[in-house]
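Peer 1: Here it is: the structure, laid out below.
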Amino acid sequence: MTTLADPVGLRRRQQRRPERVAIRPGEVEETVSLVSSAFAMVAIVSLWFVLQALLLSGFSEARDQHLLYDRFRHELAAATAPTGPAVPPGDPVALLQVPHLGLSQVVVEGTASGDLLAGPGHRRDTVLPGQQGISLVYGRVGTYGAPFRHLTSLQKGDQIVTQTGQGRTVYVVDGVRRAGDALPAPPTGEQARLTLVSAEGTGRLAGLQARNAVYVDATAAHGQPAPARGATAIPSSERAMSADTAALPMLALVLGLLAALALAVTAARQRFSGALVWVVASPVAIALSWFTTDVVMRLLPNLI
Amino acid sequence: MRRLAALAAVALMAAALPWPQAQAVAPVAASDGFTRTKSLTREFVQPDGTTQEVDRRDVTVNVDHTTDLQTRERIHVSWSGAHPSGARASNPYAENGLNQEYPVVIMQCRGVDDPSAPAAQQLDPTTCWTSTKLQRSQVQDSTAAIWTRDLYASDADRQVKSGLDPYPGAACDDNSATFYAHVTPFVAADGKVFKGCTSGTMPPEAAVGSSFPPAEQEAFTNTDGTGDTWFEVRTDVENESLGCSYKVACSLVVIPIMGLSCVAEDPAFASVDAACRGTGQFPEGSSNFANQGVDPAVSPVYWWAASNWRNRISVPLAFATPPSVCDIVDDRAPTPFYGSELLSQAALQWAPAFCLRKDRFKWQQNSMPDEAAFTQMQQGVSVAAEVSGPRDGDPDKPVGYAPTAVTGFAVSFVVDKPDNGGEVTSLRLNARLLAKLLTESYPATARGATHPGLEHNPLSLNLDPEFRALNPGLGSIAQEAASTLMTLSTSSDVISALTGYLARDADAVAFLNGNADPWGMTVNPSYRGIHVPTNQWPLLDTFVPASNDDCLKQNPAPYLPQVAAPVGTLRQIAAAVLDGWPLVATKCERPSPTDPWKLGRVDRQGVGTRFLLGVTTLGDAERFGLHTASLAVADGAYVAPDDASMEAAIALAKPGKKYQPFTIPGAALAKSSTAYPGTMIVYTAARLTELPKADASKVAQFIDISSTEGQVPGRGNGQLPEGYLPIRGSGATKPLYDAARAVAKAIRAQKTPKAAAPATKPAASSSAVAPPAAVAPPAAAPAPTTPVVSSSETPPLVSARTAAVSSSLGGFLLPALLFVGIAGGIFSGFARLALRRRGVR
């Protein structure tokens with residue numbers, strides 16, 4: 001969409017203000033105008049991305065959570081909520097509540113960048129939240145609703161509550177852990193450990209530059225029994241701060257669609273009035289760029 | 001000598017006690033086992049009123065051990081002098097063995113057969129466990145109700161309906177007034193009475209598809225009157241209704257079926273009297289593959305009838321304190337040691353010896369991969385690790401290794417002989433056969449045979465000419481589970497020892513490197529050139545066979561790794577062998593025709609056609625009575641794991657440097673023709689410096705106790721179970737014993753390291769934050785866990801420090817985009833302004 005904004009706008013304004021002198025090829029003004037258009041386009045693309053990542057994506061996450069909550073509620077009532085070990089990625093597996101942060105999110109299965117667009121994700125090679133053993137839950141810190149924005153403000157003793165198909169488990173936070181800190185002792189016997197994983201930045205604009213993974217450990221004295229699982233391995237795209245390069249083909253497709261839209265708008269402008277074309281093209285353009293941003297997010301580290 | 005004295009003492013006691021319904025009883029008790037001879041008869045009353053004895057047998061029953069029994073332990077029951085059986089069933093368990101003649105019924109009952117015990121503790125047919133109602137309740141017409149003509153039956157049992165008063169006709173789905181019926185209700189430990197006449201009125205543990213297979217058997221007596229079998233005892237953990245525990249006495253009841261004794265013939269009951277006098281239709285020693293009907297008077301169906309029941313020999317069983325006793329009676333916080341699963345059976349007996357005494361600390365053993373346990377110990381997360389080999393550690397933090405147990409791995413198996421011949425008790429394997437099994441070189445089924453490179457290999461182990469030459473006389477039906485060796489998915493010193501055995505064998509190494517064996521079998525190309533030894537066996541095969549099957553199309557997974565299906569703990573493998581239940585995960589199933597297909601674990605193997613091999617600990621193999629294979633050693637010999645062969649291996653061990661582990665040199669082991677190659681030493685490893693005093697004295701106390709009273713063979717608390725070679729202050733194990741004492745002393749002393757004075761300690765330790773290079777799997781991965789099995793028996797691997805995980809892209813992307821966006825906007829705005837000022841546009 002943005003690629004076309006200027007040439008088209010230029011023409012429109014020329015029509016409206018015929019008194020202006022047209023630029024002739026080879027003049028300095030032509031170069032300045034081109035560069036200006038290019039920069040305007042870059043600015044629009046960048047700012048759209050920032051706007052969507054920080055603000056608009058929150059709406060889509062809230063919508064996803066709304067649907068997931070309805071679905072998970074239904075599964076809990078019907079006693080069909082999953083108890084592991086093999087849950088299809090993207091399915092709701094637990095309800096995570098942190099009263100201290102006012103956080104209430106449905107946890108989905110899978111920690112690839114794309115899974116985390118819908119909310120916090122459960123790492124697939126660990127036990128489900130609430131079960132005996134160690135369970136890892138990843139969540140974004142700044143984008144897509146930023147469910148784990150205030151994770152580091154948790155303190156020892158705060159409660160974390162999970163609700164799964166097996167019941168309610170109340171964890172007590174052991175503390176925030178960063179690189180180099182000692183790992184907590186592994187859970188023994190019936191203990192269950194929940195480790196929330198997100199990212200954080202440093203310095204000014206810390207909220208924008210989530211650079212390092214950060215962990216919050218919480219322990220429950222009595223976990224639910226975990227079903228036996230064989231050897232599981234997860235692709236590297238589901239590890240902390242890793243990107244999902246599987247989105248590249250999709251990116252090529254949506255960029256192609258955007259280009260096609262640009263050509264279509266240019267062609268349509270020859271035959272129909274500008275207003276008509278934009279009324280038809282704008283929703284398509286916004287939807288395509290929204291979707292493109294979602295695909296680009298999958299190519300970025302999963303915890304930002 | 002001791003046995004003779006005991007015999008005499010018991011004989012005296014026996015003479016003093018009034019033994020119930022004993023015609024001639026000569027009990028003989030060994031220290032732990034059980035032996036008793038009883039004279040059994042079958043009698044018919046003649047028309048003239050005299051009783052004719054038609055059969056008399058002196059049956060001697062032996063049980064190898066009866067005390068301190070643990071969960072699911074198998075005991076060996078043998079007998080002689082019994083009536084030879086006929087119509088042998090391939091599966092002798094529960095209802096499957098009912099169509100046999102003259103078998104020996106073996107079952108577990110709550111209570112004891114002792115007239116001096118209170119009535120509530122007396123055993124009775126109603127406290128005997130059976131898995132199906134067919135074994136408890138019978139409905140017959142008047143011509144076949146032979147129990148009513150039993151000579152010893154009470155008057156109540158001669159009625160049309162008997163067993164329960166009033167007879168619950170409606171509850172038992174029996175509304176006929178003319179049919180004869182007898183029920184033997186089951187009285188649960190909590191006093192609840194289960195009528196036991198329909199599947200709905202059986203106790204919950206008898207439900208179809210319950211988690212444990214039936215234990216009670218109708219075992220077969222050979223034509224010479226002898227027989228033997230292994231019986232798995234159940235505690236209240238597995239069977240709450242039966243409820244046997246260290247508090248509730250139980251017995252093993254052995255009833256050699258002699259046939260019913262019958263009252264005098266009465267013309268009014270001519271046909272039922274004839275049936276009662278049946279003596280069998282099948283010849284002695286014959287098989288009953290078609291499961292045809294047998295002569296009811298000599299079948300095990302009427303084990304509860306008075307004339308069979310009086311022939312019982314009951315063996316009192318004493319159970320050990322359960323593993324949970326430490327959690328119940330001792331509320332102190334446990335001091336967990338992490339490490340080798342080889343120690344778990346010893347820990348079952350050792351832990352109560354610590355927690356039940358207030359002057360000792362509360363010891364707890366947790367299984368964990370050796371590598372991770374060692375790292376954790378060195379970083380101070382746990383006080384001690386149980387490992388079975390040397391580790392590269394931080395040289396600034398010296399570690400002492402105290403020999404704690406000599407045990408090892410076993411290749412356990414359950415294999416049935418063809419044509420109803422019973423279980424195979426010995427098997428011979430060599431390193432190349434193990435290499436073939438581990439490398440998934442047997443294609444298992446026709447699906448696997450489409451694997452490139454495996455077309456000419458035998459389908460499974462029992463078809464391999466090399467195996468058949470070593471073990472003649474086994475079945476030749478290809479089996480999926482017979483193509484693999486159940487093993488561990490996690491890293492373990494057991495895998496190092498197992499693959500070390502392969503690495504010492506030239507034939508096995510040549511096979512792994514791609515050379516065909518003399519019969520033309522070649523290694524699976526995915527594993528060609530694999531390096532041994534290794535401490536973790538990888539799943540390398542990725543071949544997905546083509547298939548038109550809906551299920552397999554929906555679940556396109558590599559086939560041979562699903563056949564191998566390694567698991568997280570050796571205990572799971574032992575349970576799989578015990579149950580005859582392969583881990584193979586190739587069964588297509590779906591809950592209903594509208595659900596998607598999924599692959600799951602295959603069914604239990606049928607008794608009679610079992611063929612299953614797995615790597616287990618020697619402790620588990622002994623506890624569960626699993627048969628273990630003999631492994632090939634030098635000079636064409638085969639060595640089974642026992643005390644002598646383990647001692648021969650220990651005699652080869654060379655001590656390491658001071659406080660360091662012993663090594664059993666591979667070259668010497670390869671040359672020995674008597675040493676068991678699976679022998680392993682388990683060490684308690686703890687830091688010699690910087691360990692807090694309290695912890696150090698606990699570790700030293702553990703080493704002191706485990707290396708002295710913990711090395712006394714026996715079944716009691718604190719003693720050393722079978723499967724472990726006692727470490728003694730004399731003989732081949734003396735160096736180990738001395739090393740344990742020395743290390744205990746050094747750990748207790750905790751000398752300050754000469755390199756670092758206390759003041760500089762923090763600096764020294766922070767410089768050593770990076771975990772040693774030997775840390776378990778992906779150290780670069782997100783630190784808290786690496787993928788592991790999440791059973792409580794294997795806590796996840798832990799590297800001791802949180803690793804740094806960061807992404808510079810994540811750090812600068814959004815600020816950079818924001819900056820570019822704003823700068824671009826400003827520049828573009830200025831450019832426009834400038835153009836407009838010059839009158840353009």
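Each chain of the structure tokens is named A, B, ... in the order shown, its residues numbered from 1; ligands are numbered from 1 in display order.
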Please identify which residues in range 528-701 of chain B DSSP calls strand (DSSP E or B) from the backbone, and express them as a PyMOL selection string.
Peer 2: chain B and resi 567+587-589+598-600+611-617+627-628+630-632+638-639+654+663+679-687
Peer 1: Which neighbours of Thr162 in chain A fall inside 8 Å, counting only C-alpha atoms, when residues of the same chain fewer than 6 positions from it are skipped, and could you give them as a compact mmCIF listing (two decimals) with C-alpha atoms, in the first residue's frame?
Peer 2:
# COMPACT_ATOMS: atom_id res chain seq x y z
CA ALA A 94 -3.81 -24.25 31.25
CA LEU A 95 -5.17 -21.08 32.75
CA LEU A 96 -2.39 -19.05 34.36
CA GLN A 97 -3.25 -16.46 36.98
CA PRO A 129 1.81 -26.61 34.41
CA GLY A 130 0.55 -28.14 37.64
CA ARG A 168 -5.84 -26.16 40.50
CA THR A 169 -2.24 -25.79 41.59
CA VAL A 170 -0.96 -22.92 43.68
CA TYR A 171 2.71 -22.11 43.23
Peer 1: Could you check the closest approach to Leu257 in chain A for each of A:Thr188, A:Thr83, A:Val197, A:Ala287 and tell me which residue wins, using only C-alpha atoms?
Peer 2: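 Nearest candidate to Leu257 in chain A out of A:Thr188, A:Thr83, A:Val197, A:Ala287: A:Ala287.
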Peer 1: Which parts of range 482-660 of chain B does DSSP call alpha helix (DSSP H) when run on the backbone here, written out as an MDAnalysis selection string?
Peer 2: chainID B and resid 493:503 506:512 550:554 559:564 570:579 618:623 643:651
Peer 1: Within 12 Å of Tyr527 in chain B, counting only C-alpha atoms, which residues qualify if same-chain residues fewer than 2 places away don't, as an mmCIF file with N, CA and C atoms, in the first residue's frame?
Peer 2:
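File produced: around-v7.cif:
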data_model
loop_
_atom_site.group_PDB
_atom_site.id
_atom_site.type_symbol
_atom_site.label_atom_id
_atom_site.label_comp_id
_atom_site.auth_asym_id
_atom_site.auth_seq_id
_atom_site.Cartn_x
_atom_site.Cartn_y
_atom_site.Cartn_z
ATOM 1 N N ALA B 435 24.872 -55.572 19.371
ATOM 2 C CA ALA B 435 25.071 -54.469 18.432
ATOM 3 C C ALA B 435 23.976 -54.475 17.369
ATOM 4 N N LYS B 436 23.594 -55.661 16.921
ATOM 5 C CA LYS B 436 22.524 -55.746 15.918
ATOM 6 C C LYS B 436 21.214 -55.212 16.488
ATOM 7 N N LEU B 437 20.937 -55.582 17.747
ATOM 8 C CA LEU B 437 19.678 -55.136 18.359
ATOM 9 C C LEU B 437 19.687 -53.622 18.568
ATOM 10 N N LEU B 438 20.804 -53.114 19.081
ATOM 11 C CA LEU B 438 20.847 -51.686 19.410
ATOM 12 C C LEU B 438 20.810 -50.808 18.159
ATOM 13 N N THR B 439 21.390 -51.291 17.064
ATOM 14 C CA THR B 439 21.451 -50.452 15.865
ATOM 15 C C THR B 439 20.212 -50.597 14.995
ATOM 16 N N GLU B 440 19.175 -51.237 15.524
ATOM 17 C CA GLU B 440 17.924 -51.390 14.762
ATOM 18 C C GLU B 440 18.196 -52.045 13.407
ATOM 19 N N SER B 441 19.079 -53.036 13.404
ATOM 20 C CA SER B 441 19.421 -53.676 12.138
ATOM 21 C C SER B 441 18.464 -54.795 11.763
ATOM 22 N N GLY B 453 18.915 -51.159 2.613
ATOM 23 C CA GLY B 453 20.056 -51.703 3.344
ATOM 24 C C GLY B 453 19.690 -52.807 4.311
ATOM 25 N N VAL B 509 32.608 -54.538 16.598
ATOM 26 C CA VAL B 509 33.083 -53.277 16.024
ATOM 27 C C VAL B 509 33.101 -53.375 14.499
ATOM 28 N N PHE B 511 31.181 -55.173 12.708
ATOM 29 C CA PHE B 511 29.782 -55.104 12.262
ATOM 30 C C PHE B 511 29.302 -53.651 12.251
ATOM 31 N N LEU B 512 29.632 -52.924 13.317
ATOM 32 C CA LEU B 512 29.195 -51.531 13.388
ATOM 33 C C LEU B 512 29.825 -50.705 12.271
ATOM 34 N N ASN B 513 31.016 -51.096 11.857
ATOM 35 C CA ASN B 513 31.686 -50.336 10.807
ATOM 36 C C ASN B 513 31.227 -50.728 9.409
ATOM 37 N N GLY B 514 30.239 -51.611 9.317
ATOM 38 C CA GLY B 514 29.649 -51.885 8.021
ATOM 39 C C GLY B 514 30.026 -53.228 7.429
ATOM 40 N N THR B 522 23.960 -57.092 7.603
ATOM 41 C CA THR B 522 24.726 -55.849 7.699
ATOM 42 C C THR B 522 24.038 -54.875 8.632
ATOM 43 N N VAL B 523 24.821 -53.892 9.063
ATOM 44 C CA VAL B 523 24.308 -52.924 10.031
ATOM 45 C C VAL B 523 23.341 -51.970 9.336
ATOM 46 N N ASN B 524 22.393 -51.461 10.102
ATOM 47 C CA ASN B 524 21.495 -50.415 9.621
ATOM 48 C C ASN B 524 22.351 -49.224 9.180
ATOM 49 N N PRO B 525 22.202 -48.774 7.904
ATOM 50 C CA PRO B 525 23.105 -47.714 7.407
ATOM 51 C C PRO B 525 23.081 -46.462 8.272
ATOM 52 N N GLY B 529 29.282 -46.974 11.429
ATOM 53 C CA GLY B 529 30.404 -46.175 11.915
ATOM 54 C C GLY B 529 30.134 -45.454 13.218
ATOM 55 N N ILE B 530 29.065 -45.806 13.930
ATOM 56 C CA ILE B 530 28.775 -45.123 15.202
ATOM 57 C C ILE B 530 29.909 -45.388 16.185
ATOM 58 N N HIS B 531 30.243 -44.364 16.946
ATOM 59 C CA HIS B 531 31.367 -44.484 17.871
ATOM 60 C C HIS B 531 30.896 -45.107 19.175
ATOM 61 N N VAL B 532 31.575 -46.170 19.582
ATOM 62 C CA VAL B 532 31.324 -46.750 20.904
ATOM 63 C C VAL B 532 32.642 -46.721 21.670
ATOM 64 N N TRP B 537 22.571 -43.594 24.001
ATOM 65 C CA TRP B 537 22.386 -44.273 22.718
ATOM 66 C C TRP B 537 21.407 -43.470 21.880
ATOM 67 N N PRO B 538 21.844 -42.969 20.711
ATOM 68 C CA PRO B 538 20.962 -42.099 19.923
ATOM 69 C C PRO B 538 19.988 -42.893 19.058
ATOM 70 N N LEU B 539 18.902 -42.253 18.696
ATOM 71 C CA LEU B 539 17.976 -42.822 17.707
ATOM 72 C C LEU B 539 18.297 -42.139 16.382
ATOM 73 N N LEU B 540 18.929 -42.852 15.490
ATOM 74 C CA LEU B 540 19.433 -42.210 14.275
ATOM 75 C C LEU B 540 18.602 -42.524 13.043
ATOM 76 N N ASP B 541 17.799 -43.596 13.108
ATOM 77 C CA ASP B 541 17.102 -44.014 11.900
ATOM 78 C C ASP B 541 15.951 -43.060 11.614
ATOM 79 N N THR B 542 15.835 -42.637 10.338
ATOM 80 C CA THR B 542 14.776 -41.688 9.991
ATOM 81 C C THR B 542 13.897 -42.217 8.876
#
Peer 1: Write out as a ChimeraX atom specification each polymer residue whose atoms come within 8 Å of range 651-658 of chain B, counting only C-alpha atoms; drop sequence neighbours fewer than 3 positions from it.
Peer 2: /B:647-648,661-665,668-669,732-733,735
Peer 1: Would you save the residues of that selection, restricted to N, CA and C atoms, as a tab-separated table (two decimals), in the first residue's frame?
Peer 2:
chain	number	residue	atom	x	y	z
B	647	GLU	N	32.72	-61.09	41.09
B	647	GLU	CA	33.96	-61.05	41.87
B	647	GLU	C	35.16	-61.20	40.95
B	648	ALA	N	35.02	-62.05	39.93
B	648	ALA	CA	36.12	-62.22	38.98
B	648	ALA	C	36.42	-60.90	38.27
B	661	PRO	N	38.19	-43.14	41.57
B	661	PRO	CA	37.53	-44.42	41.34
B	661	PRO	C	38.47	-45.48	40.78
B	662	PHE	N	38.05	-46.72	40.93
B	662	PHE	CA	38.78	-47.85	40.35
B	662	PHE	C	38.46	-47.91	38.86
B	663	THR	N	39.33	-48.55	38.12
B	663	THR	CA	39.00	-48.84	36.73
B	663	THR	C	39.12	-50.34	36.52
B	664	ILE	N	38.18	-50.88	35.75
B	664	ILE	CA	38.31	-52.29	35.35
B	664	ILE	C	38.87	-52.24	33.94
B	665	PRO	N	40.15	-52.51	33.74
B	665	PRO	CA	40.75	-52.31	32.41
B	665	PRO	C	40.06	-53.16	31.36
B	668	ALA	N	42.01	-56.29	30.10
B	668	ALA	CA	42.00	-57.45	31.00
B	668	ALA	C	40.64	-58.13	30.99
B	669	LEU	N	39.59	-57.29	30.96
B	669	LEU	CA	38.23	-57.83	30.95
B	669	LEU	C	38.00	-58.64	29.68
B	732	ALA	N	38.45	-60.35	47.10
B	732	ALA	CA	38.66	-59.47	45.95
B	732	ALA	C	38.15	-58.06	46.22
B	733	THR	N	37.18	-57.93	47.11
B	733	THR	CA	36.59	-56.61	47.31
B	733	THR	C	37.29	-55.82	48.41
B	735	PRO	N	40.14	-54.11	48.43
B	735	PRO	CA	40.57	-52.75	48.06
B	735	PRO	C	39.40	-51.76	48.03
Peer 1: One number please: CA of Val137 in chain A to CA of Gly84 in chain A, in Å, one decimal.
Peer 2: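 Computing the Euclidean distance for CA of Val137 in chain A and CA of Gly84 in chain A yields 14.5 Å.
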Peer 1: Between B:Pro815, B:Pro103, B:Pro84, B:Gly821, single out the one closest to Leu205 in chain A, counting only C-alpha atoms.
Peer 2: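 For Leu205 in chain A, the nearest of the given residues is B:Pro815.
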